[in-house]
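S.K.: This one is query.cif, mmCIF, C-alpha atoms.
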```cif
data_model
loop_
_atom_site.group_PDB
_atom_site.id
_atom_site.type_symbol
_atom_site.label_atom_id
_atom_site.label_comp_id
_atom_site.auth_asym_id
_atom_site.auth_seq_id
_atom_site.Cartn_x
_atom_site.Cartn_y
_atom_site.Cartn_z
ATOM 1 C CA MET H 93 -121.324 6.400 195.200
ATOM 2 C CA MET H 94 -120.889 5.877 191.431
ATOM 3 C CA GLY H 95 -121.597 2.199 191.813
ATOM 4 C CA PHE H 96 -118.589 1.432 193.992
ATOM 5 C CA THR H 97 -118.768 -1.467 196.399
ATOM 6 C CA GLU H 98 -118.130 -0.937 200.090
ATOM 7 C CA ASP H 99 -114.725 -2.583 199.671
ATOM 8 C CA GLN H 100 -113.843 -0.294 196.764
ATOM 9 C CA ILE H 101 -114.792 2.833 198.720
ATOM 10 C CA HIS H 102 -112.301 1.816 201.391
ATOM 11 C CA ARG H 103 -109.648 0.354 199.100
ATOM 12 C CA TYR H 104 -109.473 3.456 196.922
ATOM 13 C CA ALA H 105 -110.225 5.966 199.696
ATOM 14 C CA ARG H 106 -106.947 7.853 199.173
ATOM 15 C CA HIS H 107 -107.689 8.180 195.472
ATOM 16 C CA LEU H 108 -111.305 9.165 196.044
ATOM 17 C CA VAL H 109 -110.280 12.176 198.117
ATOM 18 C CA LEU H 110 -107.754 13.371 195.529
ATOM 19 C CA ARG H 111 -109.143 16.289 193.573
ATOM 20 C CA GLU H 112 -107.757 14.916 190.277
ATOM 21 C CA ILE H 113 -109.191 11.429 190.788
ATOM 22 C CA GLY H 114 -112.332 11.227 192.899
ATOM 23 C CA GLY H 115 -115.159 8.929 191.879
ATOM 24 C CA VAL H 116 -114.959 9.895 188.209
ATOM 25 C CA GLY H 117 -111.244 9.179 187.985
ATOM 26 C CA GLN H 118 -111.397 5.942 189.943
ATOM 27 C CA ARG H 119 -114.121 4.762 187.568
ATOM 28 C CA LYS H 120 -111.785 5.566 184.661
ATOM 29 C CA LEU H 121 -109.050 3.488 186.277
ATOM 30 C CA LEU H 122 -111.448 0.610 186.949
ATOM 31 C CA ASP H 123 -112.643 0.696 183.340
ATOM 32 C CA ALA H 124 -109.085 0.766 181.948
ATOM 33 C CA ARG H 125 -107.659 -2.062 179.854
ATOM 34 C CA VAL H 126 -103.914 -2.053 180.290
ATOM 35 C CA LEU H 127 -101.267 -4.231 178.661
ATOM 36 C CA ILE H 128 -97.925 -4.545 180.391
ATOM 37 C CA VAL H 129 -95.183 -5.862 178.142
ATOM 38 C CA GLY H 130 -92.385 -7.405 180.167
ATOM 39 C CA ALA H 131 -92.742 -8.577 183.769
ATOM 40 C CA GLY H 132 -89.181 -7.734 184.759
ATOM 41 C CA GLY H 133 -87.446 -4.956 186.652
ATOM 42 C CA LEU H 134 -89.713 -2.255 185.223
ATOM 43 C CA GLY H 135 -92.854 -4.278 184.580
ATOM 44 C CA CYS H 136 -93.053 -5.682 188.131
ATOM 45 C CA PRO H 137 -93.362 -2.373 189.983
ATOM 46 C CA ALA H 138 -95.417 -0.779 187.201
ATOM 47 C CA ALA H 139 -97.883 -3.682 187.226
ATOM 48 C CA LEU H 140 -98.089 -3.831 190.998
ATOM 49 C CA TYR H 141 -98.851 -0.130 191.347
ATOM 50 C CA LEU H 142 -101.381 -0.190 188.534
ATOM 51 C CA ALA H 143 -103.129 -3.206 190.030
ATOM 52 C CA ALA H 144 -103.130 -1.603 193.475
ATOM 53 C CA ALA H 145 -104.495 1.587 191.921
ATOM 54 C CA GLY H 146 -107.404 -0.414 190.529
ATOM 55 C CA ALA H 147 -106.546 -0.402 186.838
ATOM 56 C CA GLY H 148 -109.413 -2.728 186.126
ATOM 57 C CA ARG H 149 -108.081 -5.114 183.501
ATOM 58 C CA ILE H 150 -104.407 -5.881 183.255
ATOM 59 C CA SER H 151 -102.806 -8.228 180.753
ATOM 60 C CA ILE H 152 -99.172 -8.957 181.507
ATOM 61 C CA ALA H 153 -96.962 -10.436 178.782
ATOM 62 C CA ASP H 154 -93.669 -12.208 179.375
ATOM 63 C CA HIS H 155 -92.353 -15.397 177.843
ATOM 64 C CA ASP H 156 -89.644 -15.972 180.435
ATOM 65 C CA ALA H 157 -89.369 -17.951 183.653
ATOM 66 C CA VAL H 158 -88.263 -16.506 186.989
ATOM 67 C CA ALA H 159 -84.506 -16.843 187.560
ATOM 68 C CA VAL H 160 -82.809 -16.379 190.884
ATOM 69 C CA GLU H 161 -80.833 -13.437 189.416
ATOM 70 C CA ASN H 162 -84.146 -11.629 188.818
ATOM 71 C CA LEU H 163 -85.116 -11.486 192.483
ATOM 72 C CA GLN H 164 -82.799 -8.552 193.284
ATOM 73 C CA ARG H 165 -85.217 -6.216 191.450
ATOM 74 C CA GLN H 166 -88.253 -8.099 190.107
ATOM 75 C CA ILE H 167 -90.349 -7.623 193.202
ATOM 76 C CA LEU H 168 -93.405 -9.630 192.225
ATOM 77 C CA TYR H 169 -91.417 -12.838 192.722
ATOM 78 C CA GLY H 170 -89.997 -14.646 195.712
ATOM 79 C CA SER H 171 -87.442 -17.401 196.087
ATOM 80 C CA ALA H 172 -90.115 -20.074 195.799
ATOM 81 C CA ASP H 173 -91.040 -18.787 192.331
ATOM 82 C CA VAL H 174 -87.699 -19.564 190.676
ATOM 83 C CA GLY H 175 -88.353 -21.615 187.560
ATOM 84 C CA ARG H 176 -92.027 -20.630 187.335
ATOM 85 C CA PRO H 177 -93.392 -18.713 184.344
ATOM 86 C CA LYS H 178 -93.214 -14.976 184.954
ATOM 87 C CA ALA H 179 -96.543 -13.989 183.402
ATOM 88 C CA GLU H 180 -98.567 -16.437 185.501
ATOM 89 C CA THR H 181 -96.587 -15.797 188.672
ATOM 90 C CA ALA H 182 -96.874 -12.038 188.235
ATOM 91 C CA ALA H 183 -100.612 -12.365 187.583
ATOM 92 C CA ALA H 184 -101.064 -14.324 190.812
ATOM 93 C CA ALA H 185 -99.171 -11.645 192.753
ATOM 94 C CA LEU H 186 -101.323 -8.878 191.274
ATOM 95 C CA ARG H 187 -104.526 -10.764 192.123
ATOM 96 C CA ARG H 188 -103.254 -11.245 195.665
ATOM 97 C CA ASN H 189 -102.749 -7.516 195.991
ATOM 98 C CA ASN H 190 -106.096 -6.576 194.477
ATOM 99 C CA PRO H 191 -108.785 -9.174 193.766
ATOM 100 C CA ASP H 192 -110.782 -6.334 192.220
ATOM 101 C CA VAL H 193 -108.565 -6.436 189.138
ATOM 102 C CA ILE H 194 -109.025 -8.876 186.265
ATOM 103 C CA VAL H 195 -105.538 -10.080 185.381
ATOM 104 C CA GLU H 196 -104.618 -12.010 182.256
ATOM 105 C CA PRO H 197 -101.174 -13.618 181.991
ATOM 106 C CA LEU H 198 -99.772 -13.895 178.461
ATOM 107 C CA ALA H 199 -96.789 -16.212 178.092
ATOM 108 C CA VAL H 200 -95.626 -14.683 174.834
ATOM 109 C CA ARG H 201 -92.669 -12.754 173.494
ATOM 110 C CA VAL H 202 -94.098 -9.674 171.852
ATOM 111 C CA THR H 203 -92.730 -9.277 168.337
ATOM 112 C CA ALA H 204 -93.606 -7.226 165.282
ATOM 113 C CA ALA H 205 -95.785 -10.072 164.029
ATOM 114 C CA GLY H 206 -98.095 -10.231 167.031
ATOM 115 C CA ALA H 207 -97.868 -6.805 168.631
ATOM 116 C CA ARG H 208 -100.694 -5.099 166.822
ATOM 117 C CA ALA H 209 -103.318 -7.674 167.785
ATOM 118 C CA LEU H 210 -102.125 -7.523 171.401
ATOM 119 C CA VAL H 211 -102.308 -3.752 171.772
ATOM 120 C CA LYS H 212 -105.559 -3.294 169.868
ATOM 121 C CA GLY H 213 -108.388 -2.014 172.051
ATOM 122 C CA ARG H 214 -106.194 -1.259 175.062
ATOM 123 C CA SER H 215 -106.543 1.978 176.986
ATOM 124 C CA LEU H 216 -102.789 2.061 177.496
ATOM 125 C CA VAL H 217 -99.657 -0.057 177.142
ATOM 126 C CA VAL H 218 -96.610 -0.113 179.402
ATOM 127 C CA GLU H 219 -93.410 -1.316 177.699
ATOM 128 C CA GLY H 220 -90.634 -2.362 180.043
ATOM 129 C CA THR H 221 -88.791 -5.226 178.379
ATOM 130 C CA ASP H 222 -85.049 -5.449 177.835
ATOM 131 C CA ASP H 223 -85.646 -6.475 174.230
ATOM 132 C CA PRO H 224 -85.061 -3.657 171.712
ATOM 133 C CA GLU H 225 -86.997 -5.526 169.026
ATOM 134 C CA THR H 226 -90.000 -5.694 171.350
ATOM 135 C CA LYS H 227 -89.668 -2.023 172.240
ATOM 136 C CA PHE H 228 -89.857 -0.979 168.592
ATOM 137 C CA ALA H 229 -92.609 -3.513 167.851
ATOM 138 C CA VAL H 230 -94.743 -2.129 170.686
ATOM 139 C CA ASN H 231 -94.052 1.418 169.489
ATOM 140 C CA ASP H 232 -95.107 0.662 165.940
ATOM 141 C CA ALA H 233 -98.188 -1.301 167.009
ATOM 142 C CA CYS H 234 -99.372 1.367 169.459
ATOM 143 C CA VAL H 235 -98.798 4.126 166.919
ATOM 144 C CA ALA H 236 -100.745 2.159 164.281
ATOM 145 C CA GLU H 237 -103.610 1.423 166.680
ATOM 146 C CA GLY H 238 -103.608 4.855 168.314
ATOM 147 C CA VAL H 239 -102.963 3.416 171.777
ATOM 148 C CA PRO H 240 -101.010 5.631 174.197
ATOM 149 C CA PHE H 241 -98.046 3.994 175.854
ATOM 150 C CA VAL H 242 -95.265 4.527 178.332
ATOM 151 C CA ILE H 243 -91.845 3.104 177.487
ATOM 152 C CA GLY H 244 -88.726 2.955 179.591
ATOM 153 C CA GLY H 245 -85.333 1.437 180.124
ATOM 154 C CA VAL H 246 -82.849 1.011 182.934
ATOM 155 C CA VAL H 247 -79.264 -0.193 183.157
ATOM 156 C CA ARG H 248 -76.494 0.296 185.754
ATOM 157 C CA TRP H 249 -77.557 3.495 187.590
ATOM 158 C CA SER H 250 -79.353 5.098 184.648
ATOM 159 C CA GLY H 251 -82.927 5.146 183.554
ATOM 160 C CA GLN H 252 -85.106 6.796 180.975
ATOM 161 C CA LEU H 253 -88.807 6.907 180.257
ATOM 162 C CA MET H 254 -91.230 8.671 177.988
ATOM 163 C CA ALA H 255 -94.894 8.521 177.124
ATOM 164 C CA VAL H 256 -96.179 8.528 173.567
ATOM 165 C CA LEU H 257 -99.556 9.876 172.529
ATOM 166 C CA PRO H 258 -99.796 8.543 168.967
ATOM 167 C CA GLY H 259 -100.294 11.167 166.309
ATOM 168 C CA LYS H 260 -99.689 13.920 168.840
ATOM 169 C CA THR H 261 -96.221 13.464 170.299
ATOM 170 C CA ALA H 262 -92.873 12.051 169.179
ATOM 171 C CA CYS H 263 -92.730 8.255 169.162
ATOM 172 C CA TYR H 264 -89.870 5.967 170.160
ATOM 173 C CA ARG H 265 -88.871 5.550 166.527
ATOM 174 C CA CYS H 266 -88.796 9.334 166.006
ATOM 175 C CA VAL H 267 -86.095 9.394 168.673
ATOM 176 C CA PHE H 268 -84.105 6.160 168.266
ATOM 177 C CA GLU H 269 -84.904 5.249 164.614
ATOM 178 C CA ASN H 270 -84.205 1.489 164.719
ATOM 179 C CA PRO H 271 -83.302 -1.309 167.113
ATOM 180 C CA PRO H 272 -79.542 -1.458 167.669
ATOM 181 C CA VAL H 273 -77.561 -3.434 165.096
ATOM 182 C CA THR H 274 -75.198 -4.614 167.792
ATOM 183 C CA PRO H 275 -76.808 -5.898 170.999
ATOM 184 C CA ALA H 276 -77.714 -3.116 173.437
ATOM 185 C CA GLU H 277 -76.239 -3.045 176.887
ATOM 186 C CA THR H 278 -78.271 -5.364 179.090
ATOM 187 C CA CYS H 279 -78.758 -5.495 182.849
ATOM 188 C CA GLU H 280 -77.386 -9.030 182.689
ATOM 189 C CA ALA H 281 -74.073 -7.900 181.244
ATOM 190 C CA ALA H 282 -73.692 -4.399 182.704
ATOM 191 C CA GLY H 283 -75.601 -4.734 185.972
ATOM 192 C CA VAL H 284 -78.399 -2.640 187.405
ATOM 193 C CA LEU H 285 -79.272 -1.207 190.783
ATOM 194 C CA GLY H 286 -82.472 -2.943 191.902
ATOM 195 C CA PRO H 287 -84.239 0.135 193.265
ATOM 196 C CA ALA H 288 -83.267 2.150 190.170
ATOM 197 C CA ALA H 289 -85.391 -0.283 188.158
ATOM 198 C CA GLY H 290 -88.090 0.108 190.804
ATOM 199 C CA ALA H 291 -87.974 3.891 190.565
ATOM 200 C CA VAL H 292 -88.226 3.957 186.771
ATOM 201 C CA GLY H 293 -91.009 1.334 186.733
ATOM 202 C CA THR H 294 -92.891 3.309 189.364
ATOM 203 C CA LEU H 295 -92.533 6.550 187.386
ATOM 204 C CA MET H 296 -93.915 4.659 184.398
ATOM 205 C CA ALA H 297 -96.967 3.722 186.511
ATOM 206 C CA VAL H 298 -97.384 7.380 187.534
ATOM 207 C CA GLU H 299 -97.399 8.429 183.869
ATOM 208 C CA ALA H 300 -99.805 5.604 183.026
ATOM 209 C CA CYS H 301 -102.238 6.825 185.703
ATOM 210 C CA LYS H 302 -102.043 10.411 184.442
ATOM 211 C CA ILE H 303 -102.839 9.334 180.897
ATOM 212 C CA LEU H 304 -105.691 7.045 181.994
ATOM 213 C CA LEU H 305 -107.121 9.832 184.136
ATOM 214 C CA GLY H 306 -106.513 12.551 181.551
ATOM 215 C CA LYS H 307 -104.941 14.703 184.253
ATOM 216 C CA GLY H 308 -101.776 16.726 184.495
ATOM 217 C CA GLU H 309 -99.007 17.048 181.947
ATOM 218 C CA PRO H 310 -98.016 13.648 180.598
ATOM 219 C CA LEU H 311 -94.331 12.986 180.076
ATOM 220 C CA ALA H 312 -94.988 12.909 176.341
ATOM 221 C CA GLY H 313 -92.991 14.750 173.724
ATOM 222 C CA ARG H 314 -90.150 14.625 176.212
ATOM 223 C CA MET H 315 -88.013 11.985 177.811
ATOM 224 C CA ARG H 316 -86.883 11.936 181.398
ATOM 225 C CA VAL H 317 -83.292 10.761 181.699
ATOM 226 C CA ILE H 318 -82.198 9.926 185.220
ATOM 227 C CA ASP H 319 -78.688 9.404 186.551
ATOM 228 C CA PHE H 320 -79.319 7.851 189.940
ATOM 229 C CA LEU H 321 -75.642 7.773 190.832
ATOM 230 C CA ALA H 322 -75.162 11.508 190.267
ATOM 231 C CA GLY H 323 -78.612 12.194 191.676
ATOM 232 C CA THR H 324 -79.665 14.207 188.640
ATOM 233 C CA SER H 325 -82.371 14.045 186.006
ATOM 234 C CA ARG H 326 -83.104 15.939 182.812
ATOM 235 C CA ASP H 327 -86.111 16.213 180.549
ATOM 236 C CA ILE H 328 -85.314 16.281 176.856
ATOM 237 C CA ALA H 329 -88.031 17.598 174.583
ATOM 238 C CA TRP H 330 -88.506 15.738 171.290
ATOM 239 C CA LYS H 331 -90.602 16.994 168.434
ATOM 240 C CA ARG H 332 -92.143 14.527 166.009
ATOM 241 C CA ARG H 333 -89.848 13.694 163.121
ATOM 242 C CA PRO H 334 -91.637 14.240 159.785
ATOM 243 C CA GLY H 335 -89.740 11.353 158.153
ATOM 244 C CA CYS H 336 -90.435 8.876 160.946
ATOM 245 C CA PRO H 337 -91.460 5.548 159.355
ATOM 246 C CA ALA H 338 -93.801 4.796 162.259
ATOM 247 C CA CYS H 339 -95.641 8.048 162.883
ATOM 248 C CA GLY H 340 -94.342 10.597 160.373
ATOM 249 C CA ALA H 341 -96.354 12.419 157.773
ATOM 250 C CA ALA H 342 -94.214 10.909 155.001
ATOM 251 C CA LYS H 343 -95.528 7.411 155.721
ATOM 252 C CA MET L 184 -67.775 29.086 169.282
ATOM 253 C CA LYS L 185 -70.011 28.073 172.126
ATOM 254 C CA ILE L 186 -72.808 25.537 172.050
ATOM 255 C CA THR L 187 -74.948 24.042 174.769
ATOM 256 C CA LEU L 188 -74.514 20.293 175.124
ATOM 257 C CA ASN L 189 -77.032 18.528 177.340
ATOM 258 C CA GLY L 190 -77.656 21.745 179.204
ATOM 259 C CA ASP L 191 -74.005 22.676 179.713
ATOM 260 C CA GLU L 192 -72.014 25.263 177.757
ATOM 261 C CA ARG L 193 -69.201 23.862 175.672
ATOM 262 C CA GLU L 194 -66.536 25.399 173.470
ATOM 263 C CA VAL L 195 -66.230 23.730 170.060
ATOM 264 C CA ARG L 196 -64.116 24.612 167.064
ATOM 265 C CA GLU L 197 -65.556 26.341 164.012
ATOM 266 C CA GLY L 198 -66.812 23.909 161.415
ATOM 267 C CA MET L 199 -67.581 21.171 163.922
ATOM 268 C CA THR L 200 -70.220 18.751 162.773
ATOM 269 C CA LEU L 201 -72.670 16.940 164.998
ATOM 270 C CA ASP L 202 -70.912 13.678 164.170
ATOM 271 C CA GLY L 203 -67.571 15.279 165.061
ATOM 272 C CA LEU L 204 -68.964 16.358 168.398
ATOM 273 C CA LEU L 205 -70.177 12.816 169.103
ATOM 274 C CA GLY L 206 -66.650 11.579 168.355
ATOM 275 C CA GLU L 207 -65.174 14.180 170.690
ATOM 276 C CA ILE L 208 -67.394 13.162 173.601
ATOM 277 C CA GLY L 209 -66.980 9.440 172.926
ATOM 278 C CA LEU L 210 -70.579 8.836 171.904
ATOM 279 C CA ARG L 211 -70.180 8.043 168.216
ATOM 280 C CA GLU L 212 -72.315 4.967 168.783
ATOM 281 C CA PRO L 213 -75.188 3.671 166.727
ATOM 282 C CA MET L 214 -77.700 3.949 169.539
ATOM 283 C CA VAL L 215 -77.694 7.572 170.493
ATOM 284 C CA ALA L 216 -80.443 10.026 169.698
ATOM 285 C CA THR L 217 -79.494 13.596 168.877
ATOM 286 C CA GLU L 218 -81.312 16.841 168.442
ATOM 287 C CA VAL L 219 -80.186 20.341 167.614
ATOM 288 C CA ASN L 220 -82.403 23.240 168.659
ATOM 289 C CA LEU L 221 -85.282 20.843 169.373
ATOM 290 C CA GLU L 222 -85.163 19.178 165.931
ATOM 291 C CA ILE L 223 -84.208 15.499 165.884
ATOM 292 C CA VAL L 224 -81.168 14.814 163.703
ATOM 293 C CA VAL L 225 -81.093 11.224 162.452
ATOM 294 C CA ARG L 226 -77.902 9.180 162.191
ATOM 295 C CA ALA L 227 -77.558 9.610 158.448
ATOM 296 C CA GLU L 228 -77.561 13.406 158.723
ATOM 297 C CA ARG L 229 -75.090 13.899 161.553
ATOM 298 C CA ALA L 230 -71.902 13.989 159.508
ATOM 299 C CA GLY L 231 -73.340 16.722 157.297
ATOM 300 C CA ARG L 232 -74.822 18.744 160.127
ATOM 301 C CA MET L 233 -72.588 21.746 160.846
ATOM 302 C CA LEU L 234 -72.963 23.223 164.288
ATOM 303 C CA LYS L 235 -73.438 26.949 164.736
ATOM 304 C CA ASP L 236 -72.657 29.265 167.605
ATOM 305 C CA GLY L 237 -75.437 29.069 170.185
ATOM 306 C CA ASP L 238 -76.797 25.687 169.047
ATOM 307 C CA ARG L 239 -78.491 23.672 171.738
ATOM 308 C CA VAL L 240 -77.515 20.038 171.321
ATOM 309 C CA GLU L 241 -78.984 17.092 173.175
ATOM 310 C CA VAL L 242 -77.433 13.642 173.040
ATOM 311 C CA VAL L 243 -79.227 10.712 174.669
ATOM 312 C CA SER L 244 -78.020 7.124 174.726
ATOM 313 C CA PHE L 245 -80.517 4.336 174.240
ATOM 314 C CA VAL L 246 -81.167 2.542 177.506
ATOM 315 C CA GLY L 247 -82.720 -0.789 176.662
ATOM 316 C CA GLY L 248 -82.546 -2.761 179.878
ATOM 317 C CA GLY L 249 -85.647 -3.606 181.795
#
```
Once you've parsed the file, please lay out its structure as structure tokens.
M.R.:
Amino acid sequence: MMGFTEDQIHRYARHLVLREIGGVGQRKLLDARVLIVGAGGLGCPAALYLAAAGAGRISIADHDAVAVENLQRQILYGSADVGRPKAETAAAALRRNNPDVIVEPLAVRVTAAGARALVKGRSLVVEGTDDPETKFAVNDACVAEGVPFVIGGVVRWSGQLMAVLPGKTACYRCVFENPPVTPAETCEAAGVLGPAAGAVGTLMAVEACKILLGKGEPLAGRMRVIDFLAGTSRDIAWKRRPGCPACGAAK
Amino acid sequence: MKITLNGDEREVREGMTLDGLLGEIGLREPMVATEVNLEIVVRAERAGRMLKDGDRVEVVSFVGGG
């Protein structure tokens, strides 16, 4: 069946019976080249679900080491991993889940200088760092290279995520213009509910799958804003901004 | 006059600007995104943007944690 191994037929059985995936879709997932930027509260669940789903090649970028304060939400790590590099530790966890996936750890901080080379040639990028500079760098690089991406954030009991289809839908810079001049509120300072990060990261993986499969309505051109404490969510539609320095016509 | 703010109706005074509204709701912060009737309004244009009866305003704070 479409060149799947016996193990793959069983491993992806619940995908193979889904009308929107099947053999054709699973092959798309297996052929995908995904970059995950940030192996933290959002990147951990997103990466784990994408690896489990059989996203064939996953590069995971994080320059940090595992801290004990991370363990409350960064579910790829255990107590024994404290002090170890996140990218390598995350990669090992993904391989343990699914040896079918080729995982590449990248112990780098993604900045404007290096982002474009990193995103080039990817099927999709997932941005889940807590670093505004990285968020905008990934946006600009993906827009320039035409790589679709899913970007999100979480703090306290709130989360937000959106997908960007470069040239087609509003980008992160259309919406937020520039990185904050004063430091943004971080999970370290303000706190975050562990499973809220898990929920947002998992929704990011759902959107990533939809884009890779070319199925459904991607959460692009709109942002989902979730208030987990109130138990509410809203979708805000954003149109591309003509003057956007990243994706606008007036470039 | 009445506007819709983040999906909820809200009474605002005549002549209210988008920047004034942000001040009123305590969100005159650098990292909020705003749109009026589905058009993004950038920071530099908020003080000059007069609201009209029936405007649909969305205000979203940047959430950068991860």
S.K.: Quick check: residues of chain H within 9 Å of chain L, all atoms listed in the file, returned as a count of residues only.
M.R.: 45
S.K.: Can you spell out as a list in words the set of residues that the PyMOL selection byres ((chain H and resi 184) around 12) selects in the structure I just provided?
M.R.: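 The output of the PyMOL selection byres ((chain H and resi 184) around 12) on this file is Ala139, Leu140, Ala143, Ile150, Ser151, Ile152, Leu168, Tyr169, Asp173, Arg176, Pro177, Lys178, Ala179, Glu180, Thr181, Ala182, Ala183, Ala185, Leu186, Arg187, Arg188, Asn189, Asn190, Pro191, Val193, Ile194, Val195, Glu196 and Pro197 of chain H.
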S.K.: Report as a PDB file with C-alpha atoms, in the coordinates of the input the residues that result from applying the PyMOL selection byres ((chain L and resi 194) around 12) to the structure here.
M.R.:
```pdb
ATOM      1  CA  MET L 184     -67.775  29.086 169.282  1.00  0.00           C
ATOM      2  CA  LYS L 185     -70.011  28.073 172.126  1.00  0.00           C
ATOM      3  CA  ILE L 186     -72.808  25.537 172.050  1.00  0.00           C
ATOM      4  CA  THR L 187     -74.948  24.042 174.769  1.00  0.00           C
ATOM      5  CA  LEU L 188     -74.514  20.293 175.124  1.00  0.00           C
ATOM      6  CA  ASP L 191     -74.005  22.676 179.713  1.00  0.00           C
ATOM      7  CA  GLU L 192     -72.014  25.263 177.757  1.00  0.00           C
ATOM      8  CA  ARG L 193     -69.201  23.862 175.672  1.00  0.00           C
ATOM      9  CA  VAL L 195     -66.230  23.730 170.060  1.00  0.00           C
ATOM     10  CA  ARG L 196     -64.116  24.612 167.064  1.00  0.00           C
ATOM     11  CA  GLU L 197     -65.556  26.341 164.012  1.00  0.00           C
ATOM     12  CA  MET L 199     -67.581  21.171 163.922  1.00  0.00           C
ATOM     13  CA  LEU L 204     -68.964  16.358 168.398  1.00  0.00           C
ATOM     14  CA  GLU L 207     -65.174  14.180 170.690  1.00  0.00           C
ATOM     15  CA  LEU L 234     -72.963  23.223 164.288  1.00  0.00           C
ATOM     16  CA  LYS L 235     -73.438  26.949 164.736  1.00  0.00           C
ATOM     17  CA  ASP L 236     -72.657  29.265 167.605  1.00  0.00           C
ATOM     18  CA  GLY L 237     -75.437  29.069 170.185  1.00  0.00           C
ATOM     19  CA  ASP L 238     -76.797  25.687 169.047  1.00  0.00           C
TER      20      ASP L 238
END
```
S.K.: Can you turn the PyMOL selection byres ((chain H and resi 108-117) around 12) into a concrete residue list for this file, as a PyMOL selection string?
M.R.: chain H and resi 93-97+100-107+118-124+145-147+301-308
S.K.: As an MDAnalysis selection string, please: the residues near L:Met233 (cut-off 9 Å, only C-alpha atoms, same-chain neighbours under 2 positions excluded).
M.R.: chainID L and resid 197:202 229:231 235
S.K.: Find, counting only C-alpha atoms, the residue in H:Cys336, H:Ala255, H:Ile128, H:Val211 that gets nearest to H:Glu309.
M.R.: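 Closest candidate: H:Ala255.
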S.K.: Can you measure atom CA of H:Leu216 to atom CA of H:Val242 for me? One decimal in Å is fine.
M.R.: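 Computing the Euclidean distance for atom CA of H:Leu216 and atom CA of H:Val242 yields 8.0 Å.
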S.K.: Select, from H:Pro310, H:Asp192, H:Gly206, H:Gly290, the residue with the minimum atom-to-atom distance to H:Ala144, counting all atoms listed in the file.
M.R.: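 Smallest distance to H:Ala144 is found for H:Asp192.
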S.K.: Atom CA of H:Asp154 and atom CA of H:Gly170 are how many Å apart?
M.R.: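 Computing it gives 16.9 Å between the two atoms.
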S.K.: Would you compute, for all listed atoms of stretch 245-252 of chain H, the axis-aligned bounding box grown by 4 Å on each side, and then report its centre and edge lengths in Å rounded to one decimal, as JSON?
M.R.:
```
{"center_x": -80.9, "center_y": 3.3, "center_z": 183.9, "size_x": 16.8, "size_y": 15.0, "size_z": 15.5}
```
S.K.: What is the distance between atom CA of H:Arg316 and atom CA of H:Arg201, in Å to one decimal?
M.R.: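 These two atoms are separated by 26.6 Å.
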